[in-house]
Amino acid sequence: MKVLGIDIGGSALKGAPVDTQTGELLAERCRIETPSPSTPARVAKVAGEIARHFHWRGPVGIGFPGVVMEGRIMAAANLHPAWKGVDGVKLFRQATGCRVSALNDADAAGLAEMRFGAGKKCRGTVLMFTLGTGIGTALFHRGMLFPRTELGHLPWKGREAEELVAAAVRKKKGLSWHRWGRRVDEYLQKMESLFWPDLIIIGGGVSARHENWFRYLHLRTPVVPAKLRNDAGIVGAALAAEMVD
Ligand code: BGC
């Protein structure tokens, strides 16, 4: 099946046609910055531009940075508040003119890693974390997704974990890799003590630079970077179309 995967992020929307059997991108990806303010109408318009860029007529899968239930957006911490309650599938269908399925961005990236990447051989419990503008999480056991975990919002030192640990915080606060790495370590240790995973996969842009900070992690669980790197979100978004059909 060929599906246009669109990964909506806090800083950019990225899309490419994907072969869902192999997980390969069938064309160079198209990246457009997330509009500010990131209202539903403006973000949907950009999704429409990506579909038009590829002259797309087939199915579209959307990876959305928030809670998606039956196509409806329930929460989106790092986008405009107007997203709450929006029928996301309907909105993106109107914007792209195509059949649309949608799921959470981290669940999408996790599905891609479990099928084609770092989690392929792991039948036990796998936790995936995407570190970017926020923290996205995906939980698997025996290859099955337990959807919509929002562990980035764990109460943490009087705040929410993603406000202190997301990759964007390192840049914004000018933290060294060491300082930020130790924050991630502490957070992951907490996750480890609650879920006892067999494997932890780290995605998001910082996973490509893991040699800068993985050495500050002191976990019992093996920690590996996402194999599909930044494409995990696009490939996983495309897999959404299969799940719904
Ligand atoms: C959202 C999650 C999302 C993550 C990464 C969090 O703020 O609540 O749903 O997966 O950011 O985009």
# chains A, B, ... in the order shown; residues from 1 in each chain; ligands from 1
>>> closest_atom_pairs(of="chain A", to="ligand 1", cutoff="9 Å", atoms="only C-alpha atoms and all ligand atoms", output="CSV")
residue,atom,partner,partner_atom_place_in_ligand_line,distance
A:Ile8,CA,ligand 1,12 (O),8.1
A:Gly9,CA,ligand 1,12 (O),6.2
A:Gly10,CA,ligand 1,12 (O),7.0
A:Gly63,CA,ligand 1,10 (O),8.8
A:Phe64,CA,ligand 1,12 (O),7.2
A:Pro65,CA,ligand 1,12 (O),3.8
A:Gly66,CA,ligand 1,9 (O),3.2
A:Val67,CA,ligand 1,9 (O),5.0
A:Val68,CA,ligand 1,9 (O),8.1
A:Ala75,CA,ligand 1,8 (O),6.8
A:Ala76,CA,ligand 1,8 (O),5.7
A:Ala77,CA,ligand 1,7 (O),4.6
A:Asn78,CA,ligand 1,7 (O),5.5
A:Leu79,CA,ligand 1,7 (O),8.6
A:Asn104,CA,ligand 1,10 (O),5.7
A:Asp105,CA,ligand 1,10 (O),5.2
A:Ala106,CA,ligand 1,10 (O),4.7
A:Asp107,CA,ligand 1,10 (O),7.3
A:Phe129,CA,ligand 1,5 (C),8.7
A:Thr130,CA,ligand 1,5 (C),6.4
A:Leu131,CA,ligand 1,5 (C),7.2
A:Gly132,CA,ligand 1,5 (C),6.7
A:Thr133,CA,ligand 1,12 (O),6.5
A:Gly134,CA,ligand 1,11 (O),4.1
A:Ile135,CA,ligand 1,4 (C),4.7
A:Gly136,CA,ligand 1,10 (O),3.5
A:Thr137,CA,ligand 1,10 (O),6.1
A:Ala138,CA,ligand 1,10 (O),8.3
A:Arg148,CA,ligand 1,9 (O),7.2
A:Thr149,CA,ligand 1,9 (O),7.9
A:Glu150,CA,ligand 1,8 (O),5.8
A:Leu151,CA,ligand 1,8 (O),8.3
A:Gly152,CA,ligand 1,6 (C),6.2
A:His153,CA,ligand 1,8 (O),6.8
A:Glu162,CA,ligand 1,7 (O),7.1
A:Ala166,CA,ligand 1,11 (O),8.9
>>> write_last_selection(atoms="N, CA, C and O atoms", output="CSV table (one decimal), in the first residue's frame")
chain,number,residue,atom,x,y,z
A,8,ILE,N,3.2,15.8,11.9
A,8,ILE,CA,3.0,17.2,12.3
A,8,ILE,C,3.8,17.4,13.6
A,8,ILE,O,3.6,16.7,14.6
A,9,GLY,N,4.7,18.4,13.5
A,9,GLY,CA,5.6,18.6,14.7
A,9,GLY,C,5.4,20.1,15.2
A,9,GLY,O,4.8,20.9,14.5
A,10,GLY,N,6.0,20.3,16.3
A,10,GLY,CA,5.9,21.7,16.9
A,10,GLY,C,6.7,22.7,16.0
A,10,GLY,O,6.4,23.9,15.9
A,63,GLY,N,0.3,11.9,11.6
A,63,GLY,CA,0.8,11.7,12.9
A,63,GLY,C,0.7,13.1,13.6
A,63,GLY,O,1.3,14.1,13.2
A,64,PHE,N,-0.1,13.1,14.7
A,64,PHE,CA,-0.5,14.4,15.3
A,64,PHE,C,0.1,14.5,16.7
A,64,PHE,O,0.0,13.6,17.5
A,65,PRO,N,0.7,15.7,17.0
A,65,PRO,CA,1.3,15.9,18.3
A,65,PRO,C,0.4,16.1,19.5
A,65,PRO,O,0.5,17.1,20.2
A,66,GLY,N,-0.6,15.2,19.7
A,66,GLY,CA,-1.5,15.4,20.8
A,66,GLY,C,-2.4,14.1,20.8
A,66,GLY,O,-2.1,13.1,20.2
A,67,VAL,N,-3.4,14.2,21.7
A,67,VAL,CA,-4.2,13.0,21.9
A,67,VAL,C,-5.3,12.9,20.8
A,67,VAL,O,-6.1,13.9,20.6
A,68,VAL,N,-5.4,11.8,20.1
A,68,VAL,CA,-6.4,11.6,19.0
A,68,VAL,C,-7.3,10.5,19.4
A,68,VAL,O,-6.8,9.4,19.6
A,75,ALA,N,-6.5,16.8,22.9
A,75,ALA,CA,-5.5,17.7,23.5
A,75,ALA,C,-4.3,17.9,22.6
A,75,ALA,O,-4.0,16.9,21.8
A,76,ALA,N,-3.7,19.0,22.6
A,76,ALA,CA,-2.4,19.2,21.8
A,76,ALA,C,-1.6,20.3,22.6
A,76,ALA,O,-1.7,21.5,22.3
A,77,ALA,N,-0.8,19.8,23.5
A,77,ALA,CA,-0.1,20.7,24.4
A,77,ALA,C,0.8,21.8,23.7
A,77,ALA,O,0.9,22.9,24.2
A,78,ASN,N,1.4,21.4,22.6
A,78,ASN,CA,2.3,22.3,22.0
A,78,ASN,C,1.8,23.0,20.7
A,78,ASN,O,2.6,23.6,20.0
A,79,LEU,N,0.5,22.9,20.5
A,79,LEU,CA,-0.1,23.7,19.4
A,79,LEU,C,-1.2,24.6,20.0
A,79,LEU,O,-1.4,24.6,21.2
A,104,ASN,N,-1.7,9.6,17.2
A,104,ASN,CA,-0.7,10.3,17.9
A,104,ASN,C,0.7,10.2,17.2
A,104,ASN,O,1.1,9.1,16.8
A,105,ASP,N,1.5,11.2,17.2
A,105,ASP,CA,2.8,11.2,16.5
A,105,ASP,C,3.8,10.2,17.2
A,105,ASP,O,4.5,9.5,16.4
A,106,ALA,N,3.8,10.1,18.5
A,106,ALA,CA,4.8,9.1,19.1
A,106,ALA,C,4.3,7.7,18.9
A,106,ALA,O,5.1,6.8,18.7
A,107,ASP,N,3.0,7.5,19.0
A,107,ASP,CA,2.5,6.1,18.7
A,107,ASP,C,2.9,5.8,17.3
A,107,ASP,O,3.2,4.6,17.0
A,129,PHE,N,10.4,6.9,23.4
A,129,PHE,CA,10.3,8.3,23.8
A,129,PHE,C,10.7,9.2,22.6
A,129,PHE,O,11.8,8.9,22.0
A,130,THR,N,9.9,10.1,22.2
A,130,THR,CA,10.3,11.1,21.2
A,130,THR,C,10.6,12.4,21.9
A,130,THR,O,9.7,12.9,22.5
A,131,LEU,N,11.9,12.8,21.8
A,131,LEU,CA,12.3,14.0,22.5
A,131,LEU,C,12.4,15.1,21.4
A,131,LEU,O,13.2,15.1,20.5
A,132,GLY,N,11.5,16.1,21.5
A,132,GLY,CA,11.4,17.2,20.5
A,132,GLY,C,10.9,18.5,21.2
A,132,GLY,O,11.4,18.8,22.3
A,133,THR,N,9.9,19.1,20.6
A,133,THR,CA,9.3,20.2,21.2
A,133,THR,C,8.6,19.8,22.6
A,133,THR,O,8.7,20.5,23.6
A,134,GLY,N,8.0,18.6,22.6
A,134,GLY,CA,7.5,18.0,23.8
A,134,GLY,C,8.2,16.6,24.0
A,134,GLY,O,9.2,16.4,23.4
A,135,ILE,N,7.5,15.8,24.8
A,135,ILE,CA,8.0,14.4,25.0
A,135,ILE,C,6.8,13.6,24.6
A,135,ILE,O,5.7,13.7,25.2
A,136,GLY,N,7.0,12.7,23.6
A,136,GLY,CA,5.9,11.8,23.1
A,136,GLY,C,6.3,10.4,23.6
A,136,GLY,O,7.5,10.1,23.7
A,137,THR,N,5.3,9.6,23.9
A,137,THR,CA,5.7,8.2,24.4
A,137,THR,C,4.8,7.2,23.7
A,137,THR,O,3.6,7.5,23.4
A,138,ALA,N,5.3,6.0,23.5
A,138,ALA,CA,4.6,4.9,22.9
A,138,ALA,C,5.0,3.6,23.7
A,138,ALA,O,6.2,3.4,23.9
A,148,ARG,N,-2.0,6.0,23.1
A,148,ARG,CA,-2.3,7.3,23.8
A,148,ARG,C,-1.7,7.4,25.2
A,148,ARG,O,-2.3,8.0,26.1
A,149,THR,N,-0.5,6.8,25.4
A,149,THR,CA,0.2,7.1,26.7
A,149,THR,C,0.7,8.5,26.6
A,149,THR,O,1.2,8.9,25.5
A,150,GLU,N,0.6,9.2,27.7
A,150,GLU,CA,1.1,10.6,27.6
A,150,GLU,C,2.0,10.8,28.8
A,150,GLU,O,1.8,11.7,29.7
A,151,LEU,N,3.1,10.1,28.8
A,151,LEU,CA,4.0,10.0,29.9
A,151,LEU,C,4.9,11.3,29.9
A,151,LEU,O,5.6,11.5,30.9
A,152,GLY,N,4.9,12.1,28.9
A,152,GLY,CA,5.6,13.3,28.9
A,152,GLY,C,5.0,14.3,29.8
A,152,GLY,O,5.6,15.3,30.2
A,153,HIS,N,3.7,14.0,30.2
A,153,HIS,CA,3.0,15.0,31.1
A,153,HIS,C,3.0,14.5,32.6
A,153,HIS,O,2.2,15.0,33.4
A,162,GLU,N,7.8,17.1,30.4
A,162,GLU,CA,8.3,17.7,29.1
A,162,GLU,C,8.7,19.1,29.2
A,162,GLU,O,9.6,19.6,28.4
A,166,ALA,N,12.2,17.9,27.6
A,166,ALA,CA,12.1,17.9,26.2
A,166,ALA,C,13.4,18.4,25.5
A,166,ALA,O,14.1,19.2,26.2
>>> residues_around(residues="Ile62 in chain A", least_positions_apart="6", cutoff="8 Å", atoms="only C-alpha atoms", output="PyMOL selection string")
chain A and resi 5-8+100-103+105+237-238+240
>>> residues_around(residues="range 42-45 of chain A", least_positions_apart="2", cutoff="9 Å", atoms="only C-alpha atoms", output="number ranges by chain")
A: 8, 13, 34-40, 47-50, 88, 91-92, 94-96
>>> write_last_selection(atoms="N, CA and C atoms", output="PDB file, in the first residue's frame")
ATOM      1  N   ILE A   8       3.170  15.832  11.864  1.00  0.00           N
ATOM      2  CA  ILE A   8       3.005  17.221  12.299  1.00  0.00           C
ATOM      3  C   ILE A   8       3.813  17.429  13.576  1.00  0.00           C
ATOM      4  N   LEU A  13       6.074  20.536   9.599  1.00  0.00           N
ATOM      5  CA  LEU A  13       5.292  19.408   9.080  1.00  0.00           C
ATOM      6  C   LEU A  13       6.166  18.746   8.026  1.00  0.00           C
ATOM      7  N   THR A  34       5.988  24.770  10.724  1.00  0.00           N
ATOM      8  CA  THR A  34       4.677  24.864  11.368  1.00  0.00           C
ATOM      9  C   THR A  34       4.301  26.341  11.472  1.00  0.00           C
ATOM     10  N   PRO A  35       3.103  26.703  10.975  1.00  0.00           N
ATOM     11  CA  PRO A  35       2.732  28.123  11.032  1.00  0.00           C
ATOM     12  C   PRO A  35       2.549  28.595  12.474  1.00  0.00           C
ATOM     13  N   SER A  36       2.752  29.862  12.666  1.00  0.00           N
ATOM     14  CA  SER A  36       2.530  30.447  13.985  1.00  0.00           C
ATOM     15  C   SER A  36       1.575  31.631  13.828  1.00  0.00           C
ATOM     16  N   PRO A  37       0.461  31.690  14.532  1.00  0.00           N
ATOM     17  CA  PRO A  37      -0.018  30.691  15.485  1.00  0.00           C
ATOM     18  C   PRO A  37      -0.447  29.400  14.776  1.00  0.00           C
ATOM     19  N   SER A  38      -0.308  28.292  15.492  1.00  0.00           N
ATOM     20  CA  SER A  38      -0.550  26.972  14.888  1.00  0.00           C
ATOM     21  C   SER A  38      -2.014  26.566  15.021  1.00  0.00           C
ATOM     22  N   THR A  39      -2.892  27.397  14.459  1.00  0.00           N
ATOM     23  CA  THR A  39      -4.334  27.126  14.549  1.00  0.00           C
ATOM     24  C   THR A  39      -4.699  25.960  13.628  1.00  0.00           C
ATOM     25  N   PRO A  40      -5.846  25.306  13.870  1.00  0.00           N
ATOM     26  CA  PRO A  40      -6.254  24.196  13.013  1.00  0.00           C
ATOM     27  C   PRO A  40      -6.275  24.587  11.529  1.00  0.00           C
ATOM     28  N   ALA A  47      -0.787  21.070   5.520  1.00  0.00           N
ATOM     29  CA  ALA A  47      -0.929  19.646   5.174  1.00  0.00           C
ATOM     30  C   ALA A  47      -1.440  19.525   3.734  1.00  0.00           C
ATOM     31  N   GLY A  48      -2.361  20.411   3.376  1.00  0.00           N
ATOM     32  CA  GLY A  48      -2.889  20.431   2.004  1.00  0.00           C
ATOM     33  C   GLY A  48      -1.790  20.742   0.992  1.00  0.00           C
ATOM     34  N   GLU A  49      -0.894  21.665   1.360  1.00  0.00           N
ATOM     35  CA  GLU A  49       0.223  22.013   0.455  1.00  0.00           C
ATOM     36  C   GLU A  49       1.130  20.805   0.236  1.00  0.00           C
ATOM     37  N   ILE A  50       1.352  20.032   1.308  1.00  0.00           N
ATOM     38  CA  ILE A  50       2.212  18.846   1.171  1.00  0.00           C
ATOM     39  C   ILE A  50       1.551  17.833   0.240  1.00  0.00           C
ATOM     40  N   GLY A  88     -10.260  16.110  13.654  1.00  0.00           N
ATOM     41  CA  GLY A  88      -9.019  16.199  12.886  1.00  0.00           C
ATOM     42  C   GLY A  88      -9.102  15.503  11.542  1.00  0.00           C
ATOM     43  N   LEU A  91     -11.101  17.642   9.156  1.00  0.00           N
ATOM     44  CA  LEU A  91     -10.349  18.849   8.784  1.00  0.00           C
ATOM     45  C   LEU A  91      -9.262  18.519   7.747  1.00  0.00           C
ATOM     46  N   PHE A  92      -8.475  17.477   8.004  1.00  0.00           N
ATOM     47  CA  PHE A  92      -7.386  17.130   7.088  1.00  0.00           C
ATOM     48  C   PHE A  92      -7.929  16.526   5.776  1.00  0.00           C
ATOM     49  N   GLN A  94     -10.676  17.553   4.341  1.00  0.00           N
ATOM     50  CA  GLN A  94     -11.085  18.720   3.539  1.00  0.00           C
ATOM     51  C   GLN A  94      -9.855  19.432   2.970  1.00  0.00           C
ATOM     52  N   ALA A  95      -8.782  19.503   3.777  1.00  0.00           N
ATOM     53  CA  ALA A  95      -7.589  20.253   3.337  1.00  0.00           C
ATOM     54  C   ALA A  95      -6.811  19.523   2.248  1.00  0.00           C
ATOM     55  N   THR A  96      -6.811  18.192   2.281  1.00  0.00           N
ATOM     56  CA  THR A  96      -5.996  17.433   1.312  1.00  0.00           C
ATOM     57  C   THR A  96      -6.825  16.881   0.161  1.00  0.00           C
TER      58      THR A  96
END
>>> atom_distance(atom1="CA of Lys90 in chain A", atom2="CA of Gly236 in chain A")
19.9 Å
>>> closest_residue(among="A:Pro59, A:Met191, A:Arg115, A:Gly204", to="Ser11 in chain A", atoms="only C-alpha atoms")
A:Gly204
